[in-house]
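Q: Hey, dropping query.pdb in here, PDB, C-alpha atoms:
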```pdb
MODEL        1
ATOM      1  CA  MET X   1     111.913  87.301 113.638
ATOM      2  CA  SER X   2     114.413  89.903 112.460
ATOM      3  CA  LYS X   3     114.331  91.407 108.989
ATOM      4  CA  ASN X   4     116.922  90.906 106.315
ATOM      5  CA  PRO X   5     119.643  93.595 106.658
ATOM      6  CA  ALA X   6     119.094  94.685 103.056
ATOM      7  CA  VAL X   7     115.395  95.257 103.783
ATOM      8  CA  LEU X   8     116.243  97.275 106.885
ATOM      9  CA  LEU X   9     118.668  99.434 104.919
ATOM     10  CA  LEU X  10     116.208  99.899 102.073
ATOM     11  CA  GLU X  11     113.472 101.010 104.456
ATOM     12  CA  HIS X  12     115.868 103.367 106.223
ATOM     13  CA  HIS X  13     117.024 104.932 102.947
ATOM     14  CA  LEU X  14     113.458 105.358 101.685
ATOM     15  CA  LYS X  15     112.580 107.168 104.926
ATOM     16  CA  GLU X  16     115.646 109.394 104.637
ATOM     17  CA  LEU X  17     114.833 110.196 101.004
ATOM     18  CA  LYS X  18     111.254 111.014 102.033
ATOM     19  CA  LEU X  19     109.649 108.464  99.724
ATOM     20  CA  PRO X  20     106.765 107.263 101.898
ATOM     21  CA  THR X  21     104.806 105.682  99.054
ATOM     22  CA  PHE X  22     107.829 103.687  97.892
ATOM     23  CA  LEU X  23     108.291 102.546 101.492
ATOM     24  CA  ARG X  24     104.648 101.594 101.912
ATOM     25  CA  ASP X  25     104.130  99.931  98.516
ATOM     26  CA  TYR X  26     107.427  98.437  97.303
ATOM     27  CA  ASP X  27     106.585  94.968  98.556
ATOM     28  CA  SER X  28     103.003  94.819  97.233
ATOM     29  CA  VAL X  29     103.947  96.336  93.867
ATOM     30  CA  GLY X  30     106.810  93.848  93.695
ATOM     31  CA  ALA X  31     104.421  90.958  94.276
ATOM     32  CA  VAL X  32     102.069  92.161  91.526
ATOM     33  CA  CYS X  33     104.949  92.756  89.124
ATOM     34  CA  SER X  34     106.316  89.318  89.884
ATOM     35  CA  GLN X  35     102.966  87.723  89.039
ATOM     36  CA  GLU X  36     102.714  89.781  85.851
ATOM     37  CA  ARG X  37     106.373  89.098  84.988
ATOM     38  CA  CYS X  38     107.098  92.815  84.668
ATOM     39  CA  ASP X  39     110.627  93.976  84.042
ATOM     40  CA  TYR X  40     112.484  96.089  86.588
ATOM     41  CA  PRO X  41     111.894  99.465  84.873
ATOM     42  CA  THR X  42     108.132  98.765  84.893
ATOM     43  CA  TYR X  43     108.315  97.975  88.610
ATOM     44  CA  LEU X  44     110.115 101.268  89.262
ATOM     45  CA  LEU X  45     107.705 103.152  87.005
ATOM     46  CA  ARG X  46     104.715 101.857  88.945
ATOM     47  CA  LEU X  47     106.282 102.865  92.241
ATOM     48  CA  ALA X  48     107.238 106.296  90.914
ATOM     49  CA  GLU X  49     103.722 106.849  89.549
ATOM     50  CA  ARG X  50     102.225 106.016  92.939
ATOM     51  CA  GLU X  51     104.661 108.356  94.679
ATOM     52  CA  LEU X  52     103.814 111.170  92.272
ATOM     53  CA  ILE X  53     100.051 110.667  92.666
ATOM     54  CA  ASP X  54     100.362 110.675  96.467
ATOM     55  CA  ARG X  55     102.499 113.830  96.444
ATOM     56  CA  GLU X  56     100.034 115.623  94.187
ATOM     57  CA  ARG X  57      97.141 114.537  96.428
ATOM     58  CA  ARG X  58      98.914 115.731  99.578
ATOM     59  CA  ALA X  59      99.826 119.053  97.924
ATOM     60  CA  THR X  60      96.199 119.598  96.917
ATOM     61  CA  GLU X  61      94.999 118.746 100.418
ATOM     62  CA  ARG X  62      97.579 121.147 101.879
ATOM     63  CA  ARG X  63      96.481 123.981  99.544
ATOM     64  CA  ILE X  64      92.810 123.420 100.409
ATOM     65  CA  TYR X  65      93.618 123.390 104.120
ATOM     66  CA  LEU X  66      95.683 126.570 103.896
ATOM     67  CA  GLU X  67      93.023 128.337 101.837
ATOM     68  CA  ALA X  68      90.303 127.364 104.301
ATOM     69  CA  LYS X  69      92.482 128.487 107.198
ATOM     70  CA  SER X  70      93.244 131.857 105.593
ATOM     71  CA  THR X  71      89.583 132.630 104.887
ATOM     72  CA  ALA X  72      88.374 131.635 108.353
TER
ENDMDL
END
```
Show the structure stored in the file as structure tokens.
A:
Amino acid sequence: MSKNPAVLLLEHHLKELKLPTFLRDYDSVGAVCSQERCDYPTYLLRLAERELIDRERRATERRIYLEAKSTA
């Protein structure tokens, strides 16, 4: 079954914008927000928070890796 064209475009744009957490989580966060009757800004806030946390985690992992590599 083919995806909705809007979904395909959204996924493409999120990849191009390098927002992997948005891409991975937009559907599940949307489902939770729908159940909790969250407004749209809250939905976006939750996605943005997840993206920020993931970026910080990856940056920390990258720094640790580079430090370990430089001392080896």
Q: Could you please determine the separation between atom CA of Glu51 of chain X and atom CA of Asp25 of chain X in Å, to one decimal place?
A: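 Calculated distance between atom CA of Glu51 of chain X and atom CA of Asp25 of chain X is 9.3 Å.
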Q: For segment 57-68 of chain X, find every residue with an atom within 12 Å (counting only C-alpha atoms), except residues of its own chain fewer than 6 positions away, and show them as a PyMOL selection string.
A: chain X and resi 20-21+50-51
Q: Atom CA of Leu8 of chain X to atom CA of Tyr43 of chain X: how many Å, to one decimal?
A: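 Atom CA of Tyr43 of chain X lies at a distance of 19.9 Å from atom CA of Leu8 of chain X.
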Q: How far is it from atom CA of Val32 of chain X to atom CA of Glu16 of chain X, in Å with one decimal?
A: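 Atom CA of Glu16 of chain X lies at a distance of 25.6 Å from atom CA of Val32 of chain X.
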Q: Evaluating the PyMOL selection byres ((chain X and resi 10) around 12) on the displayed file yields which residues, as an NGL selection string?
A: :X and (3-9 or 11-17 or 19-20 or 22-24 or 26-27)
Q: Please list as an NGL selection string every residue within 12 Å of Val29 of chain X, counting only C-alpha atoms and excluding residues in the same chain fewer than 6 positions away.
A: :X and (21-23 or 35-38 or 40 or 42-50)
